[in-house]
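J.: Below is a structure I'd like to ask you about.
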Amino acid sequence: MIFRELADKLRDFNDKLTNGEYIAQIIIDNEPYIVDMNAEVQLYEQGENALGMSIADYQPYRPLTIKIKEEKGQPTNRVTLRDEGEFESSFFIEVGNESFTIKASDFKTEELVKKYGEIMGLNAEHRAELIWEYIYPEIMKKLKDKLAK
């Protein structure tokens with residue numbers, strides 16, 4: 001009887017893990033952190049796209065833009081894609097069964113993607129951080145909770 005209950009719990013856990021239910025919920029629960037990793041850390045602080053490449057490699061700032069950014073006290077040594085903040089504040093996540101996508105609803109999104117490439121999405125470093133600091137611990141917690149019931 002106890003082995004059957006344990007097997008049923010493990011089967012239920014495995015089903016929810018393999019069908020993406022658990023991971024999708026973890027992504028949804030951590031959307032603010034994931035968006036922040038993309039918009040604040042990658043784009044603003046590091047000036048990198050989802051491929052880990054400097055955005056300035058695609059299109060560096062023009063001299064007038066550099067002057068405006070200097071007046072605002074913003075970095076000029078890298079492309080940050082931040083002027084007023086509307087673009088990055090429009091970031092959101094669409095979650096599917098097997099993946100998620102970071103998108104933006106700002107009217108400039110299409111133009112910025114065309115100009116700078118794959119700017120929305122996590123680079124390898126941040127994907128690893130998401131897995132090991134957010135997904136893995138939460139999956140282990142869910143397994144422990146499932147088995148404790």
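Ligands are numbered from 1 in the order shown, residues from 1 within each chain, and chains are lettered A, B, ... in the order they appear in the structure tokens.
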Quick one: pick out all strand (DSSP E) residues within segment 25-135 of chain A from a backbone DSSP run and write them as an NGL selection string.

T.: :A and (91-95 or 100-104)

J.: Could you save the residues just selected, with C-alpha atoms, as an mmCIF file, in the first residue's frame?

T.:
data_model
loop_
_atom_site.group_PDB
_atom_site.id
_atom_site.type_symbol
_atom_site.label_atom_id
_atom_site.label_comp_id
_atom_site.auth_asym_id
_atom_site.auth_seq_id
_atom_site.Cartn_x
_atom_site.Cartn_y
_atom_site.Cartn_z
ATOM 1 C CA PHE A 91 8.386 43.791 -21.209
ATOM 2 C CA PHE A 92 6.248 40.761 -20.426
ATOM 3 C CA ILE A 93 6.497 36.994 -20.711
ATOM 4 C CA GLU A 94 4.415 34.598 -22.784
ATOM 5 C CA VAL A 95 4.608 31.083 -21.358
ATOM 6 C CA PHE A 100 8.658 31.074 -22.728
ATOM 7 C CA THR A 101 9.279 34.220 -24.697
ATOM 8 C CA ILE A 102 10.085 37.702 -23.461
ATOM 9 C CA LYS A 103 8.172 40.303 -25.456
ATOM 10 C CA ALA A 104 7.554 44.030 -25.289
#

J.: Would you kindly return, as a CSV table (one decimal) with N, CA and C atoms, in the first residue's frame, each protein, DNA or RNA residue with an atom no farther than 12 Å from any atom of Arg78 of chain A, considering only C-alpha atoms and excluding same-chain residues fewer than 2 positions away?

T.:
chain,number,residue,atom,x,y,z
A,42,GLN,N,20.9,42.7,-18.5
A,42,GLN,CA,21.5,42.5,-19.8
A,42,GLN,C,21.6,43.8,-20.6
A,43,LEU,N,20.4,44.4,-20.8
A,43,LEU,CA,20.4,45.5,-21.7
A,43,LEU,C,21.0,46.8,-21.1
A,44,TYR,N,20.5,47.2,-19.9
A,44,TYR,CA,21.0,48.4,-19.4
A,44,TYR,C,22.4,48.3,-18.8
A,45,GLU,N,22.6,47.4,-17.9
A,45,GLU,CA,23.9,47.3,-17.2
A,45,GLU,C,25.0,46.8,-18.1
A,46,GLN,N,24.7,45.7,-18.8
A,46,GLN,CA,25.8,45.0,-19.6
A,46,GLN,C,25.8,45.5,-21.1
A,47,GLY,N,24.7,46.0,-21.6
A,47,GLY,CA,24.6,46.3,-23.0
A,47,GLY,C,24.7,45.1,-23.9
A,48,GLU,N,24.1,44.0,-23.5
A,48,GLU,CA,24.2,42.8,-24.3
A,48,GLU,C,22.8,42.3,-24.7
A,49,ASN,N,22.8,41.6,-25.8
A,49,ASN,CA,21.6,41.0,-26.3
A,49,ASN,C,21.5,39.5,-25.8
A,53,MET,N,26.1,39.2,-27.0
A,53,MET,CA,26.9,40.1,-27.8
A,53,MET,C,26.6,41.5,-27.5
A,54,SER,N,27.6,42.4,-27.5
A,54,SER,CA,27.4,43.8,-27.3
A,54,SER,C,26.4,44.4,-28.3
A,55,ILE,N,25.4,45.1,-27.8
A,55,ILE,CA,24.4,45.7,-28.7
A,55,ILE,C,25.1,46.7,-29.6
A,56,ALA,N,26.1,47.4,-29.1
A,56,ALA,CA,26.8,48.4,-29.8
A,56,ALA,C,27.5,47.8,-31.1
A,57,ASP,N,27.8,46.5,-31.1
A,57,ASP,CA,28.3,45.8,-32.3
A,57,ASP,C,27.4,46.0,-33.5
A,58,TYR,N,26.1,46.1,-33.2
A,58,TYR,CA,25.1,46.2,-34.3
A,58,TYR,C,24.9,47.6,-34.7
A,59,GLN,N,24.7,48.5,-33.8
A,59,GLN,CA,24.4,49.9,-34.1
A,59,GLN,C,24.9,50.8,-32.9
A,60,PRO,N,26.1,51.3,-32.9
A,60,PRO,CA,26.4,52.2,-31.8
A,60,PRO,C,25.6,53.5,-31.8
A,61,TYR,N,25.6,54.2,-30.7
A,61,TYR,CA,24.9,55.4,-30.5
A,61,TYR,C,25.5,56.5,-31.4
A,62,ARG,N,24.7,57.3,-32.0
A,62,ARG,CA,25.1,58.5,-32.8
A,62,ARG,C,25.6,59.6,-31.8
A,65,THR,N,22.9,61.3,-29.8
A,65,THR,CA,22.3,60.5,-28.7
A,65,THR,C,23.3,60.4,-27.5
A,66,ILE,N,24.6,60.4,-27.8
A,66,ILE,CA,25.6,60.3,-26.7
A,66,ILE,C,25.5,61.6,-25.9
A,69,LYS,N,22.4,61.5,-23.7
A,69,LYS,CA,22.5,60.6,-22.6
A,69,LYS,C,23.5,61.1,-21.6
A,74,GLN,N,23.2,59.1,-18.1
A,74,GLN,CA,23.1,57.7,-18.5
A,74,GLN,C,24.4,57.3,-19.1
A,75,PRO,N,24.7,56.0,-19.1
A,75,PRO,CA,25.9,55.5,-19.7
A,75,PRO,C,26.0,55.8,-21.2
A,76,THR,N,27.2,56.1,-21.7
A,76,THR,CA,27.3,56.3,-23.1
A,76,THR,C,28.4,55.3,-23.7
A,80,THR,N,22.2,51.0,-24.2
A,80,THR,CA,21.4,50.5,-23.1
A,80,THR,C,19.9,50.3,-23.5
A,81,LEU,N,19.5,50.9,-24.6
A,81,LEU,CA,18.1,50.9,-25.0
A,81,LEU,C,17.2,51.5,-24.0
A,82,ARG,N,17.7,52.5,-23.2
A,82,ARG,CA,16.9,53.2,-22.2
A,82,ARG,C,17.0,54.7,-22.5

J.: Show me, as a PDB file with N, CA and C atoms, in the first residue's frame, the residues that have an atom within 10 Å of Glu125 of chain A when counting only C-alpha atoms, minus same-chain residues fewer than 6 positions from it.

T.:
ATOM      1  N   GLN A  42      20.912  42.736 -18.455  1.00  0.00           N
ATOM      2  CA  GLN A  42      21.512  42.507 -19.774  1.00  0.00           C
ATOM      3  C   GLN A  42      21.579  43.763 -20.622  1.00  0.00           C
ATOM      4  N   ALA A  50      20.460  38.820 -26.304  1.00  0.00           N
ATOM      5  CA  ALA A  50      20.211  37.445 -25.863  1.00  0.00           C
ATOM      6  C   ALA A  50      21.318  36.480 -26.286  1.00  0.00           C
ATOM      7  N   LEU A  51      22.129  36.881 -27.246  1.00  0.00           N
ATOM      8  CA  LEU A  51      23.244  36.040 -27.695  1.00  0.00           C
ATOM      9  C   LEU A  51      24.526  36.323 -26.912  1.00  0.00           C
ATOM     10  N   GLY A  52      24.460  37.284 -25.992  1.00  0.00           N
ATOM     11  CA  GLY A  52      25.634  37.659 -25.208  1.00  0.00           C
ATOM     12  C   GLY A  52      26.566  38.610 -25.936  1.00  0.00           C
TER      13      GLY A  52
END

J.: Between A:Met120, A:Ile139, A:Leu10, A:Leu64, which has the minimum distance to Gln25 of chain A (counting only C-alpha atoms)?

T.: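 When distances to Gln25 of chain A are compared using only C-alpha atoms, the smallest one comes from A:Ile139.
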
J.: Which polymer residues have any atom within 9 Å of an atom of segment 16-22 of chain A, counting only C-alpha atoms, with same-chain residues fewer than 6 positions away left out, as a PDB file with N, CA and C atoms, in the first residue's frame?

T.:
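Written file, result.pdb:
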ATOM      1  N   GLY A  96       4.557  29.085 -22.710  1.00  0.00           N
ATOM      2  CA  GLY A  96       3.949  27.929 -23.354  1.00  0.00           C
ATOM      3  C   GLY A  96       4.279  26.673 -22.568  1.00  0.00           C
ATOM      4  N   ASN A  97       3.898  25.525 -23.079  1.00  0.00           N
ATOM      5  CA  ASN A  97       4.167  24.265 -22.385  1.00  0.00           C
ATOM      6  C   ASN A  97       5.648  23.906 -22.357  1.00  0.00           C
ATOM      7  N   GLU A  98       6.378  24.312 -23.372  1.00  0.00           N
ATOM      8  CA  GLU A  98       7.784  23.911 -23.456  1.00  0.00           C
ATOM      9  C   GLU A  98       8.766  25.067 -23.456  1.00  0.00           C
ATOM     10  N   SER A  99       8.280  26.294 -23.487  1.00  0.00           N
ATOM     11  CA  SER A  99       9.194  27.434 -23.532  1.00  0.00           C
ATOM     12  C   SER A  99       8.461  28.703 -23.103  1.00  0.00           C
ATOM     13  N   GLU A 138      12.887  25.351  -6.823  1.00  0.00           N
ATOM     14  CA  GLU A 138      11.428  25.252  -6.716  1.00  0.00           C
ATOM     15  C   GLU A 138      10.938  23.851  -7.100  1.00  0.00           C
ATOM     16  N   ILE A 139      11.565  23.232  -8.082  1.00  0.00           N
ATOM     17  CA  ILE A 139      11.208  21.860  -8.461  1.00  0.00           C
ATOM     18  C   ILE A 139      11.522  20.909  -7.297  1.00  0.00           C
ATOM     19  N   LYS A 142       8.866  21.342  -4.712  1.00  0.00           N
ATOM     20  CA  LYS A 142       7.619  20.693  -5.122  1.00  0.00           C
ATOM     21  C   LYS A 142       7.702  19.181  -4.946  1.00  0.00           C
TER      22      LYS A 142
END

J.: Mind listing the alpha helix (DSSP H) residues of chain A, per DSSP on the backbone, as an mmCIF file with N, CA, C and O atoms, in the first residue's frame?

T.:
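See result.cif below for the written result:
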data_model
loop_
_atom_site.group_PDB
_atom_site.id
_atom_site.type_symbol
_atom_site.label_atom_id
_atom_site.label_comp_id
_atom_site.auth_asym_id
_atom_site.auth_seq_id
_atom_site.Cartn_x
_atom_site.Cartn_y
_atom_site.Cartn_z
ATOM 1 N N ILE A 2 1.844 1.349 0.864
ATOM 2 C CA ILE A 2 2.693 2.532 0.949
ATOM 3 C C ILE A 2 3.521 2.721 -0.331
ATOM 4 O O ILE A 2 3.722 3.837 -0.788
ATOM 5 N N PHE A 3 3.955 1.599 -0.941
ATOM 6 C CA PHE A 3 4.726 1.696 -2.178
ATOM 7 C C PHE A 3 3.845 2.183 -3.327
ATOM 8 O O PHE A 3 4.293 2.957 -4.167
ATOM 9 N N ARG A 4 2.617 1.747 -3.355
ATOM 10 C CA ARG A 4 1.686 2.179 -4.398
ATOM 11 C C ARG A 4 1.420 3.682 -4.258
ATOM 12 O O ARG A 4 1.393 4.412 -5.252
ATOM 13 N N GLU A 5 1.207 4.153 -3.049
ATOM 14 C CA GLU A 5 0.986 5.584 -2.824
ATOM 15 C C GLU A 5 2.208 6.396 -3.243
ATOM 16 O O GLU A 5 2.071 7.446 -3.874
ATOM 17 N N LEU A 6 3.387 5.915 -2.897
ATOM 18 C CA LEU A 6 4.613 6.591 -3.288
ATOM 19 C C LEU A 6 4.753 6.611 -4.804
ATOM 20 O O LEU A 6 5.089 7.647 -5.391
ATOM 21 N N ALA A 7 4.492 5.485 -5.443
ATOM 22 C CA ALA A 7 4.572 5.406 -6.906
ATOM 23 C C ALA A 7 3.575 6.367 -7.551
ATOM 24 O O ALA A 7 3.895 7.041 -8.543
ATOM 25 N N ASP A 8 2.369 6.467 -6.995
ATOM 26 C CA ASP A 8 1.357 7.383 -7.528
ATOM 27 C C ASP A 8 1.805 8.840 -7.387
ATOM 28 O O ASP A 8 1.623 9.648 -8.297
ATOM 29 N N LYS A 9 2.377 9.173 -6.250
ATOM 30 C CA LYS A 9 2.873 10.537 -6.024
ATOM 31 C C LYS A 9 3.989 10.874 -7.009
ATOM 32 O O LYS A 9 4.016 11.967 -7.587
ATOM 33 N N LEU A 10 4.908 9.929 -7.189
ATOM 34 C CA LEU A 10 6.016 10.157 -8.124
ATOM 35 C C LEU A 10 5.517 10.269 -9.556
ATOM 36 O O LEU A 10 6.007 11.092 -10.329
ATOM 37 N N ARG A 11 4.539 9.447 -9.925
ATOM 38 C CA ARG A 11 3.969 9.492 -11.263
ATOM 39 C C ARG A 11 3.298 10.846 -11.511
ATOM 40 O O ARG A 11 3.485 11.474 -12.561
ATOM 41 N N ASP A 12 2.532 11.319 -10.535
ATOM 42 C CA ASP A 12 1.868 12.619 -10.657
ATOM 43 C C ASP A 12 2.902 13.741 -10.775
ATOM 44 O O ASP A 12 2.768 14.635 -11.616
ATOM 45 N N PHE A 13 3.936 13.681 -9.945
ATOM 46 C CA PHE A 13 5.003 14.681 -10.015
ATOM 47 C C PHE A 13 5.659 14.649 -11.388
ATOM 48 O O PHE A 13 5.845 15.696 -12.021
ATOM 49 N N ASN A 14 6.008 13.477 -11.868
ATOM 50 C CA ASN A 14 6.662 13.337 -13.170
ATOM 51 C C ASN A 14 5.775 13.848 -14.300
ATOM 52 O O ASN A 14 6.263 14.515 -15.220
ATOM 53 N N ASP A 15 4.489 13.557 -14.235
ATOM 54 C CA ASP A 15 3.564 14.041 -15.267
ATOM 55 C C ASP A 15 3.560 15.563 -15.328
ATOM 56 O O ASP A 15 3.633 16.151 -16.405
ATOM 57 N N LYS A 16 3.479 16.202 -14.168
ATOM 58 C CA LYS A 16 3.439 17.666 -14.126
ATOM 59 C C LYS A 16 4.784 18.286 -14.500
ATOM 60 O O LYS A 16 4.831 19.400 -15.024
ATOM 61 N N LEU A 17 5.850 17.563 -14.244
ATOM 62 C CA LEU A 17 7.165 18.053 -14.639
ATOM 63 C C LEU A 17 7.342 17.933 -16.149
ATOM 64 O O LEU A 17 7.750 18.885 -16.808
ATOM 65 N N THR A 18 7.032 16.771 -16.698
ATOM 66 C CA THR A 18 7.261 16.553 -18.131
ATOM 67 C C THR A 18 6.265 17.284 -19.022
ATOM 68 O O THR A 18 6.608 17.636 -20.153
ATOM 69 N N GLU A 21 3.870 21.822 -16.697
ATOM 70 C CA GLU A 21 3.015 22.546 -15.756
ATOM 71 C C GLU A 21 3.816 23.205 -14.638
ATOM 72 O O GLU A 21 3.614 24.393 -14.330
ATOM 73 N N TYR A 22 4.714 22.454 -14.020
ATOM 74 C CA TYR A 22 5.500 23.008 -12.915
ATOM 75 C C TYR A 22 6.394 24.157 -13.377
ATOM 76 O O TYR A 22 6.431 25.217 -12.758
ATOM 77 N N ILE A 23 7.114 23.940 -14.445
ATOM 78 C CA ILE A 23 8.068 24.963 -14.897
ATOM 79 C C ILE A 23 7.335 26.204 -15.390
ATOM 80 O O ILE A 23 7.761 27.324 -15.110
ATOM 81 N N ALA A 24 6.231 26.018 -16.102
ATOM 82 C CA ALA A 24 5.460 27.171 -16.559
ATOM 83 C C ALA A 24 5.020 28.021 -15.368
ATOM 84 O O ALA A 24 5.111 29.252 -15.412
ATOM 85 N N GLN A 25 4.575 27.388 -14.297
ATOM 86 C CA GLN A 25 4.138 28.145 -13.119
ATOM 87 C C GLN A 25 5.312 28.867 -12.455
ATOM 88 O O GLN A 25 5.170 29.999 -11.993
ATOM 89 N N ILE A 26 6.463 28.230 -12.429
ATOM 90 C CA ILE A 26 7.650 28.877 -11.859
ATOM 91 C C ILE A 26 8.022 30.107 -12.687
ATOM 92 O O ILE A 26 8.356 31.164 -12.122
ATOM 93 N N ILE A 27 7.959 30.007 -14.004
ATOM 94 C CA ILE A 27 8.259 31.147 -14.874
ATOM 95 C C ILE A 27 7.259 32.275 -14.604
ATOM 96 O O ILE A 27 7.651 33.434 -14.444
ATOM 97 N N ILE A 28 5.986 31.949 -14.551
ATOM 98 C CA ILE A 28 4.948 32.961 -14.282
ATOM 99 C C ILE A 28 5.179 33.622 -12.926
ATOM 100 O O ILE A 28 5.123 34.848 -12.806
ATOM 101 N N ASP A 29 5.475 32.824 -11.908
ATOM 102 C CA ASP A 29 5.692 33.363 -10.563
ATOM 103 C C ASP A 29 6.918 34.273 -10.491
ATOM 104 O O ASP A 29 6.991 35.148 -9.629
ATOM 105 N N GLU A 31 8.175 36.101 -13.145
ATOM 106 C CA GLU A 31 8.221 37.012 -14.295
ATOM 107 C C GLU A 31 8.942 38.326 -13.991
ATOM 108 O O GLU A 31 9.782 38.758 -14.782
ATOM 109 N N PRO A 32 8.688 38.988 -12.861
ATOM 110 C CA PRO A 32 9.402 40.253 -12.610
ATOM 111 C C PRO A 32 10.928 40.085 -12.587
ATOM 112 O O PRO A 32 11.649 40.938 -13.101
ATOM 113 N N TYR A 33 11.407 39.000 -12.018
ATOM 114 C CA TYR A 33 12.853 38.771 -11.949
ATOM 115 C C TYR A 33 13.430 38.456 -13.326
ATOM 116 O O TYR A 33 14.526 38.914 -13.669
ATOM 117 N N ILE A 34 12.710 37.679 -14.106
ATOM 118 C CA ILE A 34 13.178 37.300 -15.441
ATOM 119 C C ILE A 34 13.226 38.527 -16.350
ATOM 120 O O ILE A 34 14.215 38.763 -17.046
ATOM 121 N N VAL A 35 12.171 39.330 -16.307
ATOM 122 C CA VAL A 35 12.136 40.556 -17.106
ATOM 123 C C VAL A 35 13.259 41.488 -16.671
ATOM 124 O O VAL A 35 13.928 42.109 -17.501
ATOM 125 N N ASP A 36 13.498 41.574 -15.371
ATOM 126 C CA ASP A 36 14.571 42.418 -14.852
ATOM 127 C C ASP A 36 15.943 41.928 -15.330
ATOM 128 O O ASP A 36 16.804 42.747 -15.667
ATOM 129 N N PRO A 63 26.456 60.502 -32.281
ATOM 130 C CA PRO A 63 26.979 61.565 -31.403
ATOM 131 C C PRO A 63 25.888 62.375 -30.690
ATOM 132 O O PRO A 63 26.034 62.699 -29.511
ATOM 133 N N LEU A 64 24.782 62.684 -31.360
ATOM 134 C CA LEU A 64 23.708 63.439 -30.724
ATOM 135 C C LEU A 64 23.091 62.635 -29.571
ATOM 136 O O LEU A 64 22.831 63.183 -28.496
ATOM 137 N N THR A 65 22.893 61.334 -29.784
ATOM 138 C CA THR A 65 22.336 60.478 -28.738
ATOM 139 C C THR A 65 23.279 60.426 -27.545
ATOM 140 O O THR A 65 22.844 60.471 -26.395
ATOM 141 N N ILE A 66 24.575 60.352 -27.809
ATOM 142 C CA ILE A 66 25.573 60.335 -26.727
ATOM 143 C C ILE A 66 25.478 61.625 -25.906
ATOM 144 O O ILE A 66 25.476 61.577 -24.672
ATOM 145 N N LYS A 67 25.352 62.754 -26.577
ATOM 146 C CA LYS A 67 25.245 64.038 -25.870
ATOM 147 C C LYS A 67 23.995 64.076 -24.992
ATOM 148 O O LYS A 67 24.056 64.504 -23.829
ATOM 149 N N ILE A 68 22.869 63.611 -25.520
ATOM 150 C CA ILE A 68 21.615 63.597 -24.758
ATOM 151 C C ILE A 68 21.742 62.681 -23.546
ATOM 152 O O ILE A 68 21.327 63.023 -22.434
ATOM 153 N N LYS A 69 22.350 61.522 -23.738
ATOM 154 C CA LYS A 69 22.520 60.565 -22.634
ATOM 155 C C LYS A 69 23.453 61.139 -21.562
ATOM 156 O O LYS A 69 23.224 60.932 -20.376
ATOM 157 N N GLU A 70 24.496 61.817 -21.986
ATOM 158 C CA GLU A 70 25.400 62.450 -21.016
ATOM 159 C C GLU A 70 24.650 63.472 -20.170
ATOM 160 O O GLU A 70 24.847 63.551 -18.956
ATOM 161 N N GLU A 71 23.783 64.251 -20.802
ATOM 162 C CA GLU A 71 22.995 65.250 -20.077
ATOM 163 C C GLU A 71 22.048 64.610 -19.068
ATOM 164 O O GLU A 71 21.757 65.176 -18.023
ATOM 165 N N LYS A 72 21.578 63.385 -19.382
ATOM 166 C CA LYS A 72 20.676 62.663 -18.485
ATOM 167 C C LYS A 72 21.430 61.858 -17.436
ATOM 168 O O LYS A 72 20.819 61.259 -16.558
ATOM 169 N N GLU A 86 10.138 53.566 -21.200
ATOM 170 C CA GLU A 86 8.884 52.972 -21.653
ATOM 171 C C GLU A 86 9.098 51.603 -22.291
ATOM 172 O O GLU A 86 8.284 50.694 -22.107
ATOM 173 N N PHE A 87 10.171 51.461 -23.063
ATOM 174 C CA PHE A 87 10.418 50.191 -23.746
ATOM 175 C C PHE A 87 10.595 49.060 -22.741
ATOM 176 O O PHE A 87 9.871 48.069 -22.764
ATOM 177 N N GLU A 88 11.516 49.218 -21.819
ATOM 178 C CA GLU A 88 11.770 48.128 -20.873
ATOM 179 C C GLU A 88 10.611 47.913 -19.907
ATOM 180 O O GLU A 88 10.387 46.798 -19.458
ATOM 181 N N SER A 89 9.857 48.938 -19.605
ATOM 182 C CA SER A 89 8.710 48.747 -18.711
ATOM 183 C C SER A 89 7.554 48.037 -19.410
ATOM 184 O O SER A 89 6.602 47.611 -18.761
ATOM 185 N N THR A 109 9.243 48.660 -30.227
ATOM 186 C CA THR A 109 9.807 47.313 -30.143
ATOM 187 C C THR A 109 10.280 46.794 -31.491
ATOM 188 O O THR A 109 11.422 46.355 -31.624
ATOM 189 N N GLU A 110 9.406 46.815 -32.476
ATOM 190 C CA GLU A 110 9.760 46.269 -33.793
ATOM 191 C C GLU A 110 10.984 46.978 -34.379
ATOM 192 O O GLU A 110 11.890 46.340 -34.902
ATOM 193 N N GLU A 111 11.015 48.290 -34.266
ATOM 194 C CA GLU A 111 12.141 49.078 -34.783
ATOM 195 C C GLU A 111 13.446 48.736 -34.043
ATOM 196 O O GLU A 111 14.502 48.575 -34.666
ATOM 197 N N LEU A 112 13.369 48.600 -32.720
ATOM 198 C CA LEU A 112 14.566 48.285 -31.935
ATOM 199 C C LEU A 112 15.086 46.881 -32.234
ATOM 200 O O LEU A 112 16.297 46.672 -32.327
ATOM 201 N N VAL A 113 14.189 45.923 -32.402
ATOM 202 C CA VAL A 113 14.603 44.557 -32.742
ATOM 203 C C VAL A 113 15.253 44.545 -34.120
ATOM 204 O O VAL A 113 16.280 43.886 -34.326
ATOM 205 N N LYS A 114 14.675 45.282 -35.040
ATOM 206 C CA LYS A 114 15.244 45.354 -36.395
ATOM 207 C C LYS A 114 16.645 45.978 -36.357
ATOM 208 O O LYS A 114 17.557 45.518 -37.036
ATOM 209 N N LYS A 115 16.812 46.984 -35.535
ATOM 210 C CA LYS A 115 18.080 47.712 -35.463
ATOM 211 C C LYS A 115 19.147 46.964 -34.660
ATOM 212 O O LYS A 115 20.310 46.932 -35.043
ATOM 213 N N TYR A 116 18.742 46.321 -33.535
ATOM 214 C CA TYR A 116 19.713 45.747 -32.603
ATOM 215 C C TYR A 116 19.693 44.220 -32.507
ATOM 216 O O TYR A 116 20.448 43.651 -31.731
ATOM 217 N N ALA A 124 23.096 33.198 -22.171
ATOM 218 C CA ALA A 124 23.437 31.906 -21.552
ATOM 219 C C ALA A 124 23.645 32.037 -20.047
ATOM 220 O O ALA A 124 23.194 31.185 -19.269
ATOM 221 N N GLU A 125 24.307 33.084 -19.625
ATOM 222 C CA GLU A 125 24.562 33.298 -18.190
ATOM 223 C C GLU A 125 23.252 33.423 -17.411
ATOM 224 O O GLU A 125 23.081 32.824 -16.344
ATOM 225 N N HIS A 126 22.319 34.186 -17.939
ATOM 226 C CA HIS A 126 21.059 34.403 -17.233
ATOM 227 C C HIS A 126 20.108 33.220 -17.361
ATOM 228 O O HIS A 126 19.303 32.984 -16.453
ATOM 229 N N ARG A 127 20.204 32.461 -18.446
ATOM 230 C CA ARG A 127 19.420 31.219 -18.524
ATOM 231 C C ARG A 127 19.898 30.245 -17.446
ATOM 232 O O ARG A 127 19.079 29.615 -16.762
ATOM 233 N N ALA A 128 21.203 30.140 -17.263
ATOM 234 C CA ALA A 128 21.750 29.262 -16.219
ATOM 235 C C ALA A 128 21.319 29.749 -14.837
ATOM 236 O O ALA A 128 20.935 28.943 -13.977
ATOM 237 N N GLU A 129 21.353 31.048 -14.624
ATOM 238 C CA GLU A 129 20.905 31.605 -13.341
ATOM 239 C C GLU A 129 19.431 31.284 -13.103
ATOM 240 O O GLU A 129 19.044 30.892 -12.000
ATOM 241 N N TYR A 136 15.322 25.071 -10.455
ATOM 242 C CA TYR A 136 15.767 23.867 -9.746
ATOM 243 C C TYR A 136 15.334 23.861 -8.270
ATOM 244 O O TYR A 136 14.737 22.879 -7.818
ATOM 245 N N PRO A 137 15.585 24.922 -7.508
ATOM 246 C CA PRO A 137 15.147 24.886 -6.096
ATOM 247 C C PRO A 137 13.632 24.727 -5.944
ATOM 248 O O PRO A 137 13.171 24.021 -5.047
ATOM 249 N N GLU A 138 12.887 25.351 -6.823
ATOM 250 C CA GLU A 138 11.428 25.252 -6.716
ATOM 251 C C GLU A 138 10.938 23.851 -7.100
ATOM 252 O O GLU A 138 10.016 23.322 -6.474
ATOM 253 N N ILE A 139 11.565 23.232 -8.082
ATOM 254 C CA ILE A 139 11.208 21.860 -8.461
ATOM 255 C C ILE A 139 11.522 20.909 -7.297
ATOM 256 O O ILE A 139 10.729 20.024 -6.968
ATOM 257 N N MET A 140 12.665 21.088 -6.655
ATOM 258 C CA MET A 140 13.021 20.245 -5.510
ATOM 259 C C MET A 140 12.025 20.433 -4.364
ATOM 260 O O MET A 140 11.632 19.476 -3.707
ATOM 261 N N LYS A 141 11.593 21.674 -4.151
ATOM 262 C CA LYS A 141 10.599 21.948 -3.114
ATOM 263 C C LYS A 141 9.274 21.261 -3.447
ATOM 264 O O LYS A 141 8.645 20.656 -2.592
ATOM 265 N N LYS A 142 8.866 21.342 -4.712
ATOM 266 C CA LYS A 142 7.619 20.693 -5.122
ATOM 267 C C LYS A 142 7.702 19.181 -4.946
ATOM 268 O O LYS A 142 6.737 18.537 -4.510
ATOM 269 N N LEU A 143 8.853 18.590 -5.242
ATOM 270 C CA LEU A 143 9.033 17.138 -5.064
ATOM 271 C C LEU A 143 8.935 16.777 -3.589
ATOM 272 O O LEU A 143 8.215 15.826 -3.216
ATOM 273 N N LYS A 144 9.622 17.518 -2.739
ATOM 274 C CA LYS A 144 9.563 17.258 -1.301
ATOM 275 C C LYS A 144 8.153 17.405 -0.766
ATOM 276 O O LYS A 144 7.682 16.579 0.027
ATOM 277 N N ASP A 145 7.459 18.459 -1.211
ATOM 278 C CA ASP A 145 6.071 18.679 -0.770
ATOM 279 C C ASP A 145 5.170 17.544 -1.230
ATOM 280 O O ASP A 145 4.309 17.071 -0.480
ATOM 281 N N LYS A 146 5.354 17.089 -2.445
ATOM 282 C CA LYS A 146 4.536 15.998 -3.001
ATOM 283 C C LYS A 146 4.740 14.721 -2.205
ATOM 284 O O LYS A 146 3.778 14.016 -1.879
ATOM 285 N N LEU A 147 5.983 14.421 -1.874
ATOM 286 C CA LEU A 147 6.278 13.190 -1.161
ATOM 287 C C LEU A 147 5.867 13.256 0.313
ATOM 288 O O LEU A 147 5.607 12.231 0.937
ATOM 289 N N ALA A 148 5.793 14.453 0.852
ATOM 290 C CA ALA A 148 5.439 14.613 2.269
ATOM 291 C C ALA A 148 3.933 14.483 2.514
ATOM 292 O O ALA A 148 3.513 14.269 3.643
#

J.: Separation of atom CA of Asp83 of chain A and atom CA of Val41 of chain A, in Å?

T.: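 Interatomic distance here is 15.5 Å.
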
J.: Quick one: pull the distance between atom CA of Ile119 of chain A and atom CA of Ala39 of chain A, Å, one decimal.

T.: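 Taking atom CA of Ile119 of chain A and atom CA of Ala39 of chain A, their separation equals 8.8 Å.
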